[in-house]
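This report refers to the structure that appears directly beneath it.
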Amino acid sequence: MIAFLTLLYVAILAILVKTKVITLNLWWKISPLVWLLILLIVLFIPMQWGAPAGAVTMFEFVVEIVPNVTGEVVEVPVKPFQKLKKDETLFQIDPVPFEFTLKQLQASLKKAEASKTLATVELKRNRAMARQSAAAQREVDTWQARYDEAVATIESIQQQINQAEWNLEQTTVRAPSDGYVVGVTLRPGQRVSNLPLRSWMAFVKEEESKLVAGINQNMMRYVQPGQKAEVVFKLFPGKVFNATVESLYMMNPQGQLQASGIVPMAPTTQQLPLPFGVILNLDEDLPEFPVIPGGAMGTAAIYTSNVRATHMIRKVMIRMEAWINYINPY
């Protein structure tokens, strides 16, 4: 923008000289440098904090899908970027081994219930006989212990059945919310595990995207929530989107101290300051695309309440970049 305005000044100066409105003396020869210096001091340096700009990226919240049980995948009904509702099936793990386990536990439960029934009958009969014989009292104690054991066994097996039923239900891996799956590489025959060391699908939650701009630290002084902004994306050349500052993310990795046995390194002058994040909300929807995809990149300009005279320059610059996006992929 500085070069454009300087060239514009030189062109006007050349026209004035050619039409002999002015005489080309030493002052007019060095005036482009003076003009450049004025632009820098009056407009472009104050614009860095009056209308700061920085790179912007659309981020999506991605849930790494790890099943709760281990087994062989028998069906993957979803397709990449297919819109899904909450609890729709993502993939199916072979339920047969889990059904066998459940049936075995149900059979054990019936056996334990039969033991409980027998112990109840014998306990009742021996209690009646205990009034007449001391030997019968020992039998009462024995059947009372067997009855208590049967009750405990039933309770234990019932808990195992509950776990087995839950495991069987978990063989159907479902969508955690509305959204879609990116890059479905999982295929039937793959054995998956419930260890969190590896995920098997990347599920993108719908309507939970965040548009974040990175603003250099020396430009953040006047940025506040509620201020207006403009955004251009490489994905949509020639279009400028209106936005509003939602919040400021006043933290970056340089300020993080992690628990470690290593002594933290003291700051040095060689460290380059990382930008802070500014979360933006777009004020308009795209008619051709319902959602801006995650990873869409571009530039955002924020118009603060200071140095308002520089806002027009920034608006021109952001629109120039929007049109340059037609030919500039970087």
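Just remember, in the structure tokens the first chain shown is A, the second B, etc., residues are 1-based per chain, and ligands are 1-based in the order shown.
Within the 7 Å cut-off around A:Val245, using only C-alpha atoms and omitting residues fewer than 5 positions from it on the same chain, the listed residues are Pro225, Gly226, Gln227, Lys228, Ala229, Val278, Ile279, Leu280 and Asn281 of chain A.
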Just the strand (DSSP E) stuff from stretch 76-173 of chain A, please, per backbone DSSP, written as a ChimeraX atom specification.
/A:89-93,172-173
For the selection just defined, write its residues with C-alpha atoms to a file, as a JSON list (two decimals), in the first residue's frame.
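Result file follows (part.json):
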```
[["chain", "number", "residue", "atom", "x", "y", "z"],
["A", 89, "THR", "CA", -23.70, -45.43, 13.75],
["A", 90, "LEU", "CA", -20.08, -44.72, 12.84],
["A", 91, "PHE", "CA", -18.91, -48.32, 12.68],
["A", 92, "GLN", "CA", -19.90, -51.73, 14.00],
["A", 93, "ILE", "CA", -17.63, -54.11, 15.92],
["A", 172, "THR", "CA", -21.97, -50.10, 17.92],
["A", 173, "VAL", "CA", -19.83, -46.98, 17.91]]
```
As a check of understanding: the span from atom CA of A:Ile41 to atom CA of A:Ile15 is 26.2 Å
Near A:Pro32, within 10 Å and counting only C-alpha atoms, which residues show up once chain neighbours fewer than 2 positions away are dropped, as a PyMOL selection string?
chain A and resi 6-7+9-10+13+27-30+34-38
Within 12 Å of A:Lys103, counting only C-alpha atoms, which residues qualify if same-chain residues fewer than 3 places away don't, as a ChimeraX atom specification?
/A:96-100,106-110,157,160-161,164-165,168
Rounded to one decimal place, report the atom CA of A:Leu235-atom CA of A:Glu60 distance in Å.
16.2 Å
As a tab-separated table (two decimals) with C-alpha atoms, in the first residue's frame, please: the residues near A:Met47 (cut-off 10 Å, only C-alpha atoms, same-chain neighbours under 4 positions excluded).
```
chain	number	residue	atom	x	y	z
A	40	LEU	CA	4.95	6.13	7.47
A	41	ILE	CA	4.74	8.52	10.41
A	42	VAL	CA	1.18	9.81	9.98
A	43	LEU	CA	-0.68	6.77	8.66
A	51	ALA	CA	-6.40	-0.98	12.73
A	52	PRO	CA	-4.21	-4.04	13.37
A	53	ALA	CA	-4.24	-6.99	11.00
A	219	MET	CA	-0.63	-4.20	18.10
A	303	TYR	CA	-10.92	-1.56	13.69
A	304	THR	CA	-10.26	-0.20	17.15
A	306	ASN	CA	-8.10	4.71	18.21
A	307	VAL	CA	-6.52	6.40	15.18
A	308	ARG	CA	-9.73	6.14	13.17
A	309	ALA	CA	-8.14	8.04	10.28
A	310	THR	CA	-6.15	4.90	9.46
A	311	HIS	CA	-9.24	2.71	9.15
A	312	MET	CA	-9.86	3.73	5.56
A	313	ILE	CA	-6.32	2.80	4.55
A	314	ARG	CA	-6.72	-0.61	6.18
```
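Each of A:Gln217, A:Thr153, A:Ser31, A:Asn325 was compared to A:Thr299 using only C-alpha atoms, and A:Asn325 turns out to be the nearest.
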Where in stretch 50-219 of chain A does DSSP assign helix (DSSP H, G or I), given as an MDAnalysis selection string?
chainID A and resid 50 96:129 134:169 217:219
Give me, as a list in words, all polymer residues having an atom no more than 10 Å from A:Leu274, counting only C-alpha atoms and skipping those fewer than 6 positions away in the same chain.
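Answer for this query is Gly214, Ile215, Asn216, Gln217, Met251, Asn252, Pro253, Gln254 and Gly255 of chain A.
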Go ahead and save the picked residues with C-alpha atoms, as a tab-separated table (two decimals), in the first residue's frame.
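Output (again-v8.tsv):
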```
chain	number	residue	atom	x	y	z
A	214	GLY	CA	-3.21	-13.86	15.39
A	215	ILE	CA	-2.31	-10.26	16.26
A	216	ASN	CA	1.23	-9.23	17.15
A	217	GLN	CA	1.70	-8.24	20.77
A	251	MET	CA	-2.06	-16.52	26.27
A	252	ASN	CA	0.41	-18.31	24.05
A	253	PRO	CA	2.83	-21.26	24.37
A	254	GLN	CA	5.67	-19.00	25.46
A	255	GLY	CA	3.80	-18.31	28.71
```
Pick from A:Glu206, A:Glu64, A:Glu321, A:Glu155, whichever lies nearest to A:Ala112 using only C-alpha atoms:
A:Glu155
Skipping near chain neighbours, those fewer than 6 positions away, what residues fall within 12 Å of A:Phe233 using only C-alpha atoms, listed as a PDB file with C-alpha atoms, in the first residue's frame?
```pdb
ATOM      1  CA  ALA A  55      -3.391 -14.052   9.843  1.00  0.00           C
ATOM      2  CA  VAL A  56      -6.710 -15.775  10.513  1.00  0.00           C
ATOM      3  CA  THR A  57      -7.661 -19.451  10.523  1.00  0.00           C
ATOM      4  CA  MET A  58     -10.934 -21.314  10.989  1.00  0.00           C
ATOM      5  CA  LEU A 211     -12.369 -18.155  13.825  1.00  0.00           C
ATOM      6  CA  ALA A 213      -6.818 -14.172  14.245  1.00  0.00           C
ATOM      7  CA  LYS A 239     -15.071 -11.274  -0.947  1.00  0.00           C
ATOM      8  CA  VAL A 240     -14.780  -9.394   2.340  1.00  0.00           C
ATOM      9  CA  PHE A 241     -16.660 -10.686   5.383  1.00  0.00           C
ATOM     10  CA  ASN A 242     -17.790  -8.517   8.265  1.00  0.00           C
ATOM     11  CA  ILE A 292     -16.496 -22.199   6.334  1.00  0.00           C
ATOM     12  CA  PRO A 293     -14.372 -25.354   6.504  1.00  0.00           C
ATOM     13  CA  GLY A 294     -11.755 -25.897   9.145  1.00  0.00           C
ATOM     14  CA  GLY A 295      -8.334 -24.841   7.944  1.00  0.00           C
ATOM     15  CA  ALA A 296      -9.615 -21.940   5.818  1.00  0.00           C
ATOM     16  CA  MET A 297      -6.980 -19.220   6.093  1.00  0.00           C
ATOM     17  CA  GLY A 298      -6.743 -15.552   5.293  1.00  0.00           C
ATOM     18  CA  THR A 299      -6.280 -12.146   6.889  1.00  0.00           C
ATOM     19  CA  ALA A 300      -8.340 -10.252   9.458  1.00  0.00           C
ATOM     20  CA  ALA A 301      -8.337  -6.520  10.165  1.00  0.00           C
ATOM     21  CA  ILE A 318      -7.871  -5.631   2.991  1.00  0.00           C
ATOM     22  CA  ARG A 319      -9.910  -5.279  -0.226  1.00  0.00           C
ATOM     23  CA  GLU A 321      -5.725  -8.494  -0.666  1.00  0.00           C
ATOM     24  CA  ALA A 322      -9.156  -9.990  -1.333  1.00  0.00           C
ATOM     25  CA  TRP A 323      -8.697  -9.408  -5.083  1.00  0.00           C
ATOM     26  CA  ILE A 324      -5.042 -10.471  -5.062  1.00  0.00           C
ATOM     27  CA  ASN A 325      -6.236 -13.808  -3.634  1.00  0.00           C
ATOM     28  CA  TYR A 326      -7.451 -14.664  -7.142  1.00  0.00           C
ATOM     29  CA  ASN A 328      -1.810 -15.389  -5.059  1.00  0.00           C
ATOM     30  CA  PRO A 329      -2.112 -18.838  -3.427  1.00  0.00           C
ATOM     31  CA  TYR A 330       0.128 -17.921  -0.456  1.00  0.00           C
TER      32      TYR A 330
END
```
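For the set A:Arg221, A:Thr117, A:Arg198, A:Glu139, the residue with the smallest atom-to-atom gap to A:Pro46 is A:Arg221, counting only C-alpha atoms.
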Interatomic distance (Å, one decimal) between atom CA of A:Ser209 and atom CA of A:Val66:
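It comes out at 21.9 Å.
If only C-alpha atoms are the atoms counted, then among A:Arg191, A:Lys79, A:Arg138, A:Lys116 the closest residue to A:Ala152 is A:Lys116.
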